[in-house]
>>> print(open('protein.txt').read())   # compact mmCIF, N, CA and C atoms
# COMPACT_ATOMS: atom_id res chain seq x y z
N MET O 187 -56.68 222.24 128.76
CA MET O 187 -57.54 221.76 129.82
C MET O 187 -57.76 222.89 130.81
N LYS O 188 -58.96 222.97 131.33
CA LYS O 188 -59.28 224.05 132.26
C LYS O 188 -59.23 223.53 133.70
N LEU O 189 -58.10 222.95 134.05
CA LEU O 189 -57.92 222.38 135.37
C LEU O 189 -57.67 223.45 136.42
N LEU O 190 -56.97 224.52 136.05
CA LEU O 190 -56.62 225.56 137.01
C LEU O 190 -57.84 226.17 137.69
N PRO O 191 -58.86 226.62 136.96
CA PRO O 191 -60.02 227.19 137.66
C PRO O 191 -60.70 226.18 138.57
N ALA O 192 -60.74 224.93 138.15
CA ALA O 192 -61.36 223.90 138.98
C ALA O 192 -60.57 223.70 140.27
N LEU O 193 -59.25 223.67 140.16
CA LEU O 193 -58.41 223.48 141.34
C LEU O 193 -58.49 224.68 142.27
N ALA O 194 -58.50 225.87 141.70
CA ALA O 194 -58.61 227.07 142.52
C ALA O 194 -59.95 227.09 143.25
N GLY O 195 -61.01 226.70 142.55
CA GLY O 195 -62.32 226.63 143.17
C GLY O 195 -62.37 225.59 144.27
N LEU O 196 -61.75 224.45 144.01
CA LEU O 196 -61.67 223.38 144.99
C LEU O 196 -61.00 223.85 146.27
N PHE O 197 -59.86 224.51 146.12
CA PHE O 197 -59.12 225.01 147.28
C PHE O 197 -59.95 226.03 148.05
N GLY O 198 -60.57 226.94 147.31
CA GLY O 198 -61.40 227.95 147.96
C GLY O 198 -62.56 227.33 148.74
N LEU O 199 -63.21 226.35 148.14
CA LEU O 199 -64.30 225.69 148.83
C LEU O 199 -63.82 224.94 150.06
N LEU O 200 -62.68 224.30 149.93
CA LEU O 200 -62.14 223.53 151.04
C LEU O 200 -61.90 224.39 152.26
N ILE O 201 -61.36 225.57 152.05
CA ILE O 201 -61.01 226.45 153.16
C ILE O 201 -62.16 227.36 153.59
N ALA O 202 -62.90 227.91 152.63
CA ALA O 202 -63.83 228.98 152.96
C ALA O 202 -65.29 228.57 153.08
N CYS O 203 -65.64 227.42 152.62
CA CYS O 203 -67.04 227.03 152.62
C CYS O 203 -67.57 226.98 154.05
N THR O 204 -68.63 227.70 154.31
CA THR O 204 -69.16 227.69 155.67
C THR O 204 -70.60 227.19 155.72
N ASN O 205 -71.21 226.92 154.60
CA ASN O 205 -72.58 226.43 154.61
C ASN O 205 -72.58 224.96 154.23
N MET O 206 -73.05 224.15 155.15
CA MET O 206 -73.06 222.72 154.90
C MET O 206 -74.30 222.14 155.52
N ASN O 207 -74.92 221.21 154.83
CA ASN O 207 -76.14 220.59 155.34
C ASN O 207 -75.84 219.50 156.35
N ASN O 208 -74.60 219.05 156.44
CA ASN O 208 -74.22 218.01 157.37
C ASN O 208 -74.24 218.57 158.79
N THR O 209 -74.95 217.92 159.70
CA THR O 209 -75.07 218.45 161.05
C THR O 209 -74.02 217.92 162.01
N SER O 210 -73.23 216.95 161.59
CA SER O 210 -72.21 216.42 162.49
C SER O 210 -71.05 217.40 162.58
N SER O 211 -70.38 217.39 163.73
CA SER O 211 -69.26 218.29 163.95
C SER O 211 -68.03 217.80 163.22
N ASN O 212 -67.04 218.69 163.04
CA ASN O 212 -65.77 218.30 162.44
C ASN O 212 -65.14 217.18 163.23
N ALA O 213 -65.16 217.28 164.54
CA ALA O 213 -64.55 216.25 165.38
C ALA O 213 -65.25 214.91 165.17
N GLU O 214 -66.56 214.92 165.06
CA GLU O 214 -67.29 213.67 164.82
C GLU O 214 -66.92 213.07 163.47
N GLN O 215 -66.75 213.92 162.46
CA GLN O 215 -66.36 213.42 161.15
C GLN O 215 -64.98 212.79 161.20
N VAL O 216 -64.04 213.41 161.90
CA VAL O 216 -62.70 212.85 162.02
C VAL O 216 -62.76 211.55 162.82
N GLN O 217 -63.51 211.53 163.91
CA GLN O 217 -63.59 210.34 164.76
C GLN O 217 -64.17 209.16 163.99
N ALA O 218 -65.02 209.42 163.01
CA ALA O 218 -65.66 208.35 162.26
C ALA O 218 -64.66 207.57 161.40
N MET O 219 -63.47 208.10 161.22
CA MET O 219 -62.47 207.40 160.44
C MET O 219 -61.92 206.23 161.23
N THR O 220 -61.14 205.40 160.58
CA THR O 220 -60.65 204.19 161.21
C THR O 220 -59.59 204.47 162.27
N VAL O 221 -58.91 205.59 162.21
CA VAL O 221 -57.87 205.92 163.20
C VAL O 221 -58.55 206.35 164.49
N GLN O 222 -58.08 205.81 165.60
CA GLN O 222 -58.61 206.21 166.91
C GLN O 222 -57.81 207.41 167.39
N LEU O 223 -58.43 208.57 167.41
CA LEU O 223 -57.76 209.79 167.82
C LEU O 223 -58.05 210.07 169.29
N PRO O 224 -57.07 210.65 169.99
CA PRO O 224 -57.28 210.96 171.42
C PRO O 224 -58.39 211.99 171.61
N LYS O 225 -59.13 211.85 172.71
CA LYS O 225 -60.23 212.77 172.99
C LYS O 225 -59.74 214.21 173.09
N ASP O 226 -58.57 214.43 173.69
CA ASP O 226 -58.09 215.81 173.81
C ASP O 226 -57.79 216.40 172.43
N PHE O 227 -57.38 215.57 171.47
CA PHE O 227 -57.18 216.08 170.11
C PHE O 227 -58.51 216.44 169.47
N LEU O 228 -59.51 215.60 169.64
CA LEU O 228 -60.83 215.87 169.06
C LEU O 228 -61.42 217.16 169.62
N ASP O 229 -61.27 217.37 170.91
CA ASP O 229 -61.75 218.62 171.52
C ASP O 229 -60.99 219.82 170.94
N PHE O 230 -59.67 219.70 170.85
CA PHE O 230 -58.84 220.74 170.25
C PHE O 230 -59.28 221.01 168.81
N TYR O 231 -59.47 219.96 168.02
CA TYR O 231 -59.81 220.06 166.61
C TYR O 231 -61.12 220.83 166.41
N GLU O 232 -62.10 220.54 167.24
CA GLU O 232 -63.39 221.22 167.16
C GLU O 232 -63.23 222.71 167.46
N THR O 233 -62.55 223.04 168.53
CA THR O 233 -62.35 224.44 168.91
C THR O 233 -61.48 225.17 167.89
N PHE O 234 -60.46 224.51 167.38
CA PHE O 234 -59.54 225.09 166.40
C PHE O 234 -60.29 225.61 165.18
N HIS O 235 -61.32 224.91 164.73
CA HIS O 235 -62.06 225.32 163.53
C HIS O 235 -63.23 226.25 163.83
N ARG O 236 -63.57 226.40 165.08
CA ARG O 236 -64.70 227.24 165.46
C ARG O 236 -64.27 228.63 165.94
N ASP O 237 -63.10 228.73 166.56
CA ASP O 237 -62.67 229.95 167.24
C ASP O 237 -61.39 230.48 166.59
N SER O 238 -61.49 231.60 165.89
CA SER O 238 -60.35 232.13 165.13
C SER O 238 -59.18 232.53 166.03
N GLN O 239 -59.44 233.11 167.20
CA GLN O 239 -58.34 233.49 168.08
C GLN O 239 -57.64 232.25 168.63
N TYR O 240 -58.41 231.24 168.99
CA TYR O 240 -57.85 229.98 169.45
C TYR O 240 -56.97 229.38 168.36
N GLN O 241 -57.44 229.46 167.12
CA GLN O 241 -56.66 228.93 166.00
C GLN O 241 -55.32 229.64 165.89
N ILE O 242 -55.32 230.95 165.91
CA ILE O 242 -54.08 231.72 165.82
C ILE O 242 -53.15 231.36 166.97
N ASP O 243 -53.71 231.18 168.16
CA ASP O 243 -52.91 230.87 169.34
C ASP O 243 -52.38 229.43 169.35
N HIS O 244 -52.92 228.57 168.49
CA HIS O 244 -52.53 227.16 168.46
C HIS O 244 -51.84 226.78 167.15
N ILE O 245 -51.09 227.72 166.62
CA ILE O 245 -50.25 227.49 165.45
C ILE O 245 -48.83 227.90 165.82
N VAL O 246 -47.87 227.08 165.46
CA VAL O 246 -46.47 227.40 165.70
C VAL O 246 -46.02 228.34 164.58
N TRP O 247 -45.78 229.62 164.95
CA TRP O 247 -45.38 230.64 163.97
C TRP O 247 -43.87 230.82 163.97
N PRO O 248 -43.25 231.04 162.84
CA PRO O 248 -43.84 230.93 161.50
C PRO O 248 -44.15 229.47 161.20
N LEU O 249 -45.31 229.23 160.61
CA LEU O 249 -45.77 227.88 160.31
C LEU O 249 -45.04 227.35 159.08
N GLN O 250 -44.37 226.23 159.25
CA GLN O 250 -43.65 225.60 158.14
C GLN O 250 -44.63 224.90 157.22
N GLY O 251 -44.28 224.83 155.93
CA GLY O 251 -45.13 224.11 155.00
C GLY O 251 -44.70 224.31 153.57
N ASP O 252 -45.63 224.06 152.69
CA ASP O 252 -45.41 224.18 151.25
C ASP O 252 -46.57 224.95 150.65
N ALA O 253 -46.29 225.56 149.51
CA ALA O 253 -47.33 226.25 148.74
C ALA O 253 -47.21 225.82 147.29
N GLY O 254 -48.33 225.74 146.63
CA GLY O 254 -48.34 225.43 145.21
C GLY O 254 -48.15 226.70 144.40
N VAL O 255 -47.16 226.69 143.52
CA VAL O 255 -46.90 227.83 142.64
C VAL O 255 -47.23 227.40 141.22
N GLN O 256 -48.11 228.14 140.56
CA GLN O 256 -48.55 227.77 139.22
C GLN O 256 -47.41 227.92 138.21
N VAL O 257 -47.17 226.84 137.44
CA VAL O 257 -46.15 226.85 136.39
C VAL O 257 -46.80 227.18 135.06
N ASP O 258 -47.90 226.52 134.76
CA ASP O 258 -48.68 226.80 133.56
C ASP O 258 -50.14 226.46 133.87
N SER O 259 -50.96 226.35 132.86
CA SER O 259 -52.39 226.18 133.10
C SER O 259 -52.75 224.84 133.76
N THR O 260 -51.84 223.87 133.75
CA THR O 260 -52.16 222.57 134.32
C THR O 260 -51.15 222.06 135.34
N HIS O 261 -50.10 222.81 135.61
CA HIS O 261 -49.06 222.31 136.50
C HIS O 261 -48.73 223.29 137.62
N TYR O 262 -48.44 222.71 138.79
CA TYR O 262 -48.00 223.46 139.95
C TYR O 262 -46.67 222.88 140.42
N ASN O 263 -45.81 223.74 140.92
CA ASN O 263 -44.61 223.30 141.61
C ASN O 263 -44.83 223.54 143.09
N LYS O 264 -44.30 222.65 143.90
CA LYS O 264 -44.40 222.82 145.35
C LYS O 264 -43.13 223.52 145.82
N VAL O 265 -43.30 224.61 146.56
CA VAL O 265 -42.17 225.34 147.11
C VAL O 265 -42.35 225.47 148.63
N SER O 266 -41.25 225.48 149.34
CA SER O 266 -41.30 225.66 150.80
C SER O 266 -41.84 227.05 151.12
N LYS O 267 -42.60 227.11 152.19
CA LYS O 267 -43.20 228.39 152.58
C LYS O 267 -43.27 228.45 154.09
N GLN O 268 -43.13 229.64 154.61
CA GLN O 268 -43.39 229.90 156.01
C GLN O 268 -44.62 230.80 156.08
N TRP O 269 -45.69 230.28 156.65
CA TRP O 269 -46.92 231.03 156.79
C TRP O 269 -46.81 231.93 158.02
N GLU O 270 -47.30 233.14 157.90
CA GLU O 270 -47.27 234.12 158.99
C GLU O 270 -48.71 234.48 159.37
N PRO O 271 -48.94 234.94 160.59
CA PRO O 271 -50.31 235.28 161.01
C PRO O 271 -50.98 236.30 160.08
N GLU O 272 -50.22 237.25 159.56
CA GLU O 272 -50.83 238.29 158.73
C GLU O 272 -51.29 237.80 157.36
N ASN O 273 -50.79 236.63 156.90
CA ASN O 273 -51.26 236.11 155.61
C ASN O 273 -51.98 234.77 155.77
N TRP O 274 -52.42 234.47 156.97
CA TRP O 274 -53.08 233.21 157.25
C TRP O 274 -54.57 233.30 156.98
N LEU O 275 -55.11 232.32 156.27
CA LEU O 275 -56.55 232.21 156.06
C LEU O 275 -57.10 231.23 157.09
N MET O 276 -58.11 231.66 157.83
CA MET O 276 -58.68 230.79 158.85
C MET O 276 -59.13 229.47 158.23
N GLN O 277 -58.82 228.41 158.92
CA GLN O 277 -59.18 227.07 158.48
C GLN O 277 -60.58 226.76 158.99
N ARG O 278 -61.52 226.69 158.08
CA ARG O 278 -62.90 226.36 158.40
C ARG O 278 -63.25 225.14 157.57
N LEU O 279 -63.34 224.01 158.18
CA LEU O 279 -63.53 222.78 157.41
C LEU O 279 -64.97 222.32 157.40
N ASN O 280 -65.84 223.18 157.00
CA ASN O 280 -67.24 222.80 156.81
C ASN O 280 -67.43 222.47 155.34
N PHE O 281 -67.30 221.21 155.02
CA PHE O 281 -67.46 220.78 153.64
C PHE O 281 -68.22 219.48 153.60
N ASP O 282 -68.73 219.17 152.44
CA ASP O 282 -69.54 217.98 152.26
C ASP O 282 -68.64 216.76 152.07
N PRO O 283 -68.70 215.78 152.97
CA PRO O 283 -67.85 214.59 152.85
C PRO O 283 -68.11 213.79 151.58
N LYS O 284 -69.23 214.04 150.90
CA LYS O 284 -69.46 213.36 149.62
C LYS O 284 -68.49 213.88 148.56
N ASP O 285 -68.00 215.10 148.72
CA ASP O 285 -67.11 215.72 147.73
C ASP O 285 -65.65 215.63 148.11
N TYR O 286 -65.35 215.40 149.38
CA TYR O 286 -63.97 215.40 149.86
C TYR O 286 -63.70 214.14 150.67
N GLN O 287 -62.47 213.71 150.63
CA GLN O 287 -62.03 212.56 151.42
C GLN O 287 -60.99 213.04 152.41
N ARG O 288 -61.15 212.64 153.64
CA ARG O 288 -60.21 213.02 154.70
C ARG O 288 -59.56 211.75 155.23
N ASP O 289 -58.23 211.74 155.23
CA ASP O 289 -57.46 210.64 155.79
C ASP O 289 -56.64 211.17 156.94
N VAL O 290 -56.66 210.44 158.05
CA VAL O 290 -55.93 210.85 159.24
C VAL O 290 -55.01 209.71 159.65
N GLU O 291 -53.80 210.08 160.06
CA GLU O 291 -52.81 209.11 160.48
C GLU O 291 -52.20 209.59 161.79
N MET O 292 -52.12 208.69 162.77
CA MET O 292 -51.45 208.99 164.03
C MET O 292 -50.02 208.51 163.94
N LEU O 293 -49.07 209.36 164.27
CA LEU O 293 -47.67 208.98 164.35
C LEU O 293 -47.32 208.97 165.83
N GLY O 294 -47.27 207.80 166.40
CA GLY O 294 -47.07 207.70 167.85
C GLY O 294 -48.27 208.28 168.57
N ASP O 295 -48.02 208.88 169.72
CA ASP O 295 -49.10 209.50 170.50
C ASP O 295 -49.14 211.01 170.36
N LEU O 296 -48.19 211.58 169.61
CA LEU O 296 -48.03 213.03 169.65
C LEU O 296 -48.25 213.75 168.34
N ILE O 297 -48.38 213.05 167.22
CA ILE O 297 -48.52 213.73 165.93
C ILE O 297 -49.71 213.15 165.16
N VAL O 298 -50.53 214.04 164.62
CA VAL O 298 -51.65 213.68 163.76
C VAL O 298 -51.38 214.31 162.39
N VAL O 299 -51.41 213.47 161.35
CA VAL O 299 -51.26 213.95 159.97
C VAL O 299 -52.62 213.82 159.31
N GLU O 300 -53.09 214.91 158.72
CA GLU O 300 -54.40 214.94 158.07
C GLU O 300 -54.22 215.32 156.61
N ARG O 301 -54.83 214.53 155.72
CA ARG O 301 -54.84 214.82 154.29
C ARG O 301 -56.29 214.95 153.85
N ILE O 302 -56.60 216.07 153.22
CA ILE O 302 -57.96 216.31 152.74
C ILE O 302 -57.87 216.55 151.25
N ARG O 303 -58.58 215.73 150.47
CA ARG O 303 -58.52 215.88 149.02
C ARG O 303 -59.91 215.76 148.42
N ALA O 304 -60.04 216.36 147.27
CA ALA O 304 -61.29 216.24 146.53
C ALA O 304 -61.42 214.83 145.99
N ARG O 305 -62.63 214.32 145.96
CA ARG O 305 -62.84 212.97 145.45
C ARG O 305 -62.68 212.91 143.93
N THR O 306 -62.90 214.02 143.24
CA THR O 306 -62.85 214.02 141.77
C THR O 306 -61.47 214.26 141.19
N VAL O 307 -60.58 214.89 141.95
CA VAL O 307 -59.20 215.11 141.51
C VAL O 307 -58.28 214.78 142.68
N ASN O 308 -57.05 214.49 142.38
CA ASN O 308 -56.12 214.06 143.42
C ASN O 308 -55.31 215.25 143.96
N PHE O 309 -56.01 216.32 144.32
CA PHE O 309 -55.38 217.49 144.90
C PHE O 309 -56.04 217.82 146.22
N GLY O 310 -55.25 218.33 147.14
CA GLY O 310 -55.80 218.69 148.43
C GLY O 310 -54.76 219.35 149.31
N VAL O 311 -55.01 219.32 150.61
CA VAL O 311 -54.12 219.95 151.58
C VAL O 311 -53.63 218.90 152.58
N VAL O 312 -52.47 219.20 153.20
CA VAL O 312 -51.91 218.34 154.24
C VAL O 312 -51.64 219.22 155.45
N ARG O 313 -52.04 218.72 156.61
CA ARG O 313 -51.77 219.43 157.85
C ARG O 313 -51.20 218.44 158.86
N ARG O 314 -50.30 218.96 159.71
CA ARG O 314 -49.73 218.15 160.79
C ARG O 314 -49.96 218.89 162.10
N PHE O 315 -50.45 218.15 163.07
CA PHE O 315 -50.68 218.68 164.40
C PHE O 315 -49.79 217.91 165.36
N ALA O 316 -49.27 218.59 166.37
CA ALA O 316 -48.40 217.92 167.35
C ALA O 316 -48.80 218.36 168.75
N LYS O 317 -48.72 217.40 169.66
CA LYS O 317 -48.98 217.69 171.07
C LYS O 317 -47.68 218.20 171.67
N GLN O 318 -47.75 219.36 172.29
CA GLN O 318 -46.60 220.02 172.87
C GLN O 318 -46.32 219.49 174.28
N SER O 319 -45.17 219.83 174.81
CA SER O 319 -44.78 219.36 176.15
C SER O 319 -45.73 219.86 177.24
N ASN O 320 -46.43 220.97 176.98
CA ASN O 320 -47.39 221.50 177.95
C ASN O 320 -48.78 220.85 177.81
N GLY O 321 -48.91 219.88 176.89
CA GLY O 321 -50.17 219.18 176.70
C GLY O 321 -51.09 219.79 175.66
N GLU O 322 -50.74 220.95 175.13
CA GLU O 322 -51.56 221.63 174.12
C GLU O 322 -51.26 221.07 172.73
N TRP O 323 -52.31 220.92 171.90
CA TRP O 323 -52.13 220.55 170.50
C TRP O 323 -51.91 221.81 169.69
N MET O 324 -51.02 221.74 168.70
CA MET O 324 -50.69 222.88 167.84
C MET O 324 -50.61 222.41 166.39
N LEU O 325 -50.98 223.29 165.48
CA LEU O 325 -50.73 223.04 164.06
C LEU O 325 -49.26 223.37 163.81
N ILE O 326 -48.50 222.40 163.29
CA ILE O 326 -47.06 222.60 163.11
C ILE O 326 -46.64 222.60 161.64
N TYR O 327 -47.56 222.25 160.72
CA TYR O 327 -47.21 222.18 159.30
C TYR O 327 -48.49 222.32 158.49
N TYR O 328 -48.39 223.08 157.40
CA TYR O 328 -49.53 223.25 156.49
C TYR O 328 -49.03 223.31 155.06
N SER O 329 -49.58 222.46 154.23
CA SER O 329 -49.26 222.48 152.81
C SER O 329 -50.55 222.72 152.05
N ASP O 330 -50.59 223.83 151.32
CA ASP O 330 -51.82 224.14 150.59
C ASP O 330 -51.93 223.25 149.36
N LEU O 331 -52.75 223.62 148.45
CA LEU O 331 -53.11 222.81 147.28
C LEU O 331 -51.90 222.11 146.66
N GLN O 332 -51.96 220.79 146.65
CA GLN O 332 -50.90 219.98 146.06
C GLN O 332 -51.47 218.63 145.66
N GLU O 333 -50.71 217.90 144.88
CA GLU O 333 -51.12 216.54 144.55
C GLU O 333 -50.95 215.67 145.78
N ILE O 334 -51.98 214.90 146.09
CA ILE O 334 -51.99 214.03 147.26
C ILE O 334 -51.91 212.58 146.80
N SER O 335 -50.97 211.83 147.35
CA SER O 335 -50.90 210.42 147.01
C SER O 335 -52.04 209.70 147.72
N LYS O 336 -52.66 208.76 147.03
CA LYS O 336 -53.84 208.07 147.56
C LYS O 336 -53.50 207.06 148.60
>>> encode(input="protein.txt", output="structure tokens")
Amino acid sequence: MKLLPALAGLFGLLIACTNMNNTSSNAEQVQAMTVQLPKDFLDFYETFHRDSQYQIDHIVWPLQGDAGVQVDSTHYNKVSKQWEPENWLMQRLNFDPKDYQRDVEMLGDLIVVERIRARTVNFGVVRRFAKQSNGEWMLIYYSDLQEISK
């Protein structure tokens, strides 16, 4: 099965795609979900994806998470990873919602968990954002391409 190239392409599109015909903002797309997100998070979310320096400044380094390591042509193992600024790929979430599904969950008032997966395969990314004691939102966890439970 030629799943590996498809998954690699999916991940690349998810992160790097910058041309989209959808005119709504990322924050508007997230707000359209059933979870009611705080306005300050939506403002943060919009700026986080638009401004690369702001993004770097709003990540807790080293960023904890997981990475998918290829085992064979159809399988990945998830391994713990610490992301560093020098190997970080800017998160640009300009993608077509017809191809991807985004689920957001609020844990209390301080943590937002976001899962983004392709509609055609059950693989995607997981990110966790937390509101800090100074009132700033930060990305605190990132897991790249992995199987996402529905």
>>> residues_around(input="protein.txt", residues="Arg313 in chain O", least_positions_apart="3", cutoff="7 Å", atoms="only N, CA and C atoms", output="list in words")
Val298, Val299, Glu300, Arg301, Ile302, Leu325, Ile326, Tyr327, Tyr328 and Ser329 of chain O
>>> write_last_selection(input="protein.txt", atoms="N, CA and C atoms", output="short mmCIF file (atom, residue, chain, number, x, y, z; two decimals), in the coordinates of the input")
data_model
loop_
_atom_site.label_atom_id
_atom_site.label_comp_id
_atom_site.auth_asym_id
_atom_site.auth_seq_id
_atom_site.Cartn_x
_atom_site.Cartn_y
_atom_site.Cartn_z
N VAL O 298 -50.53 214.04 164.62
CA VAL O 298 -51.65 213.68 163.76
C VAL O 298 -51.38 214.31 162.39
N VAL O 299 -51.41 213.47 161.35
CA VAL O 299 -51.26 213.95 159.97
C VAL O 299 -52.62 213.82 159.31
N GLU O 300 -53.09 214.91 158.72
CA GLU O 300 -54.40 214.94 158.07
C GLU O 300 -54.22 215.32 156.61
N ARG O 301 -54.83 214.53 155.72
CA ARG O 301 -54.84 214.82 154.29
C ARG O 301 -56.29 214.95 153.85
N ILE O 302 -56.60 216.07 153.22
CA ILE O 302 -57.96 216.31 152.74
C ILE O 302 -57.87 216.55 151.25
N LEU O 325 -50.98 223.29 165.48
CA LEU O 325 -50.73 223.04 164.06
C LEU O 325 -49.26 223.37 163.81
N ILE O 326 -48.50 222.40 163.29
CA ILE O 326 -47.06 222.60 163.11
C ILE O 326 -46.64 222.60 161.64
N TYR O 327 -47.56 222.25 160.72
CA TYR O 327 -47.21 222.18 159.30
C TYR O 327 -48.49 222.32 158.49
N TYR O 328 -48.39 223.08 157.40
CA TYR O 328 -49.53 223.25 156.49
C TYR O 328 -49.03 223.31 155.06
N SER O 329 -49.58 222.46 154.23
CA SER O 329 -49.26 222.48 152.81
C SER O 329 -50.55 222.72 152.05
#
>>> closest_residue(input="protein.txt", among="O:Arg278, O:Lys317, O:Lys264, O:Lys284", to="Leu331 in chain O", atoms="all atoms listed in the file")
O:Lys264
>>> atom_distance(input="protein.txt", atom1="CA of Ile297 in chain O", atom2="CA of Ala316 in chain O")
4.4 Å
>>> atom_distance(input="protein.txt", atom1="atom C of Tyr240 in chain O", atom2="atom N of Leu296 in chain O")
19.9 Å
>>> closest_residue(input="protein.txt", among="O:Asn263, O:Thr233, O:Gln318, O:Gln287", to="Thr306 in chain O", atoms="all atoms listed in the file")
O:Gln287
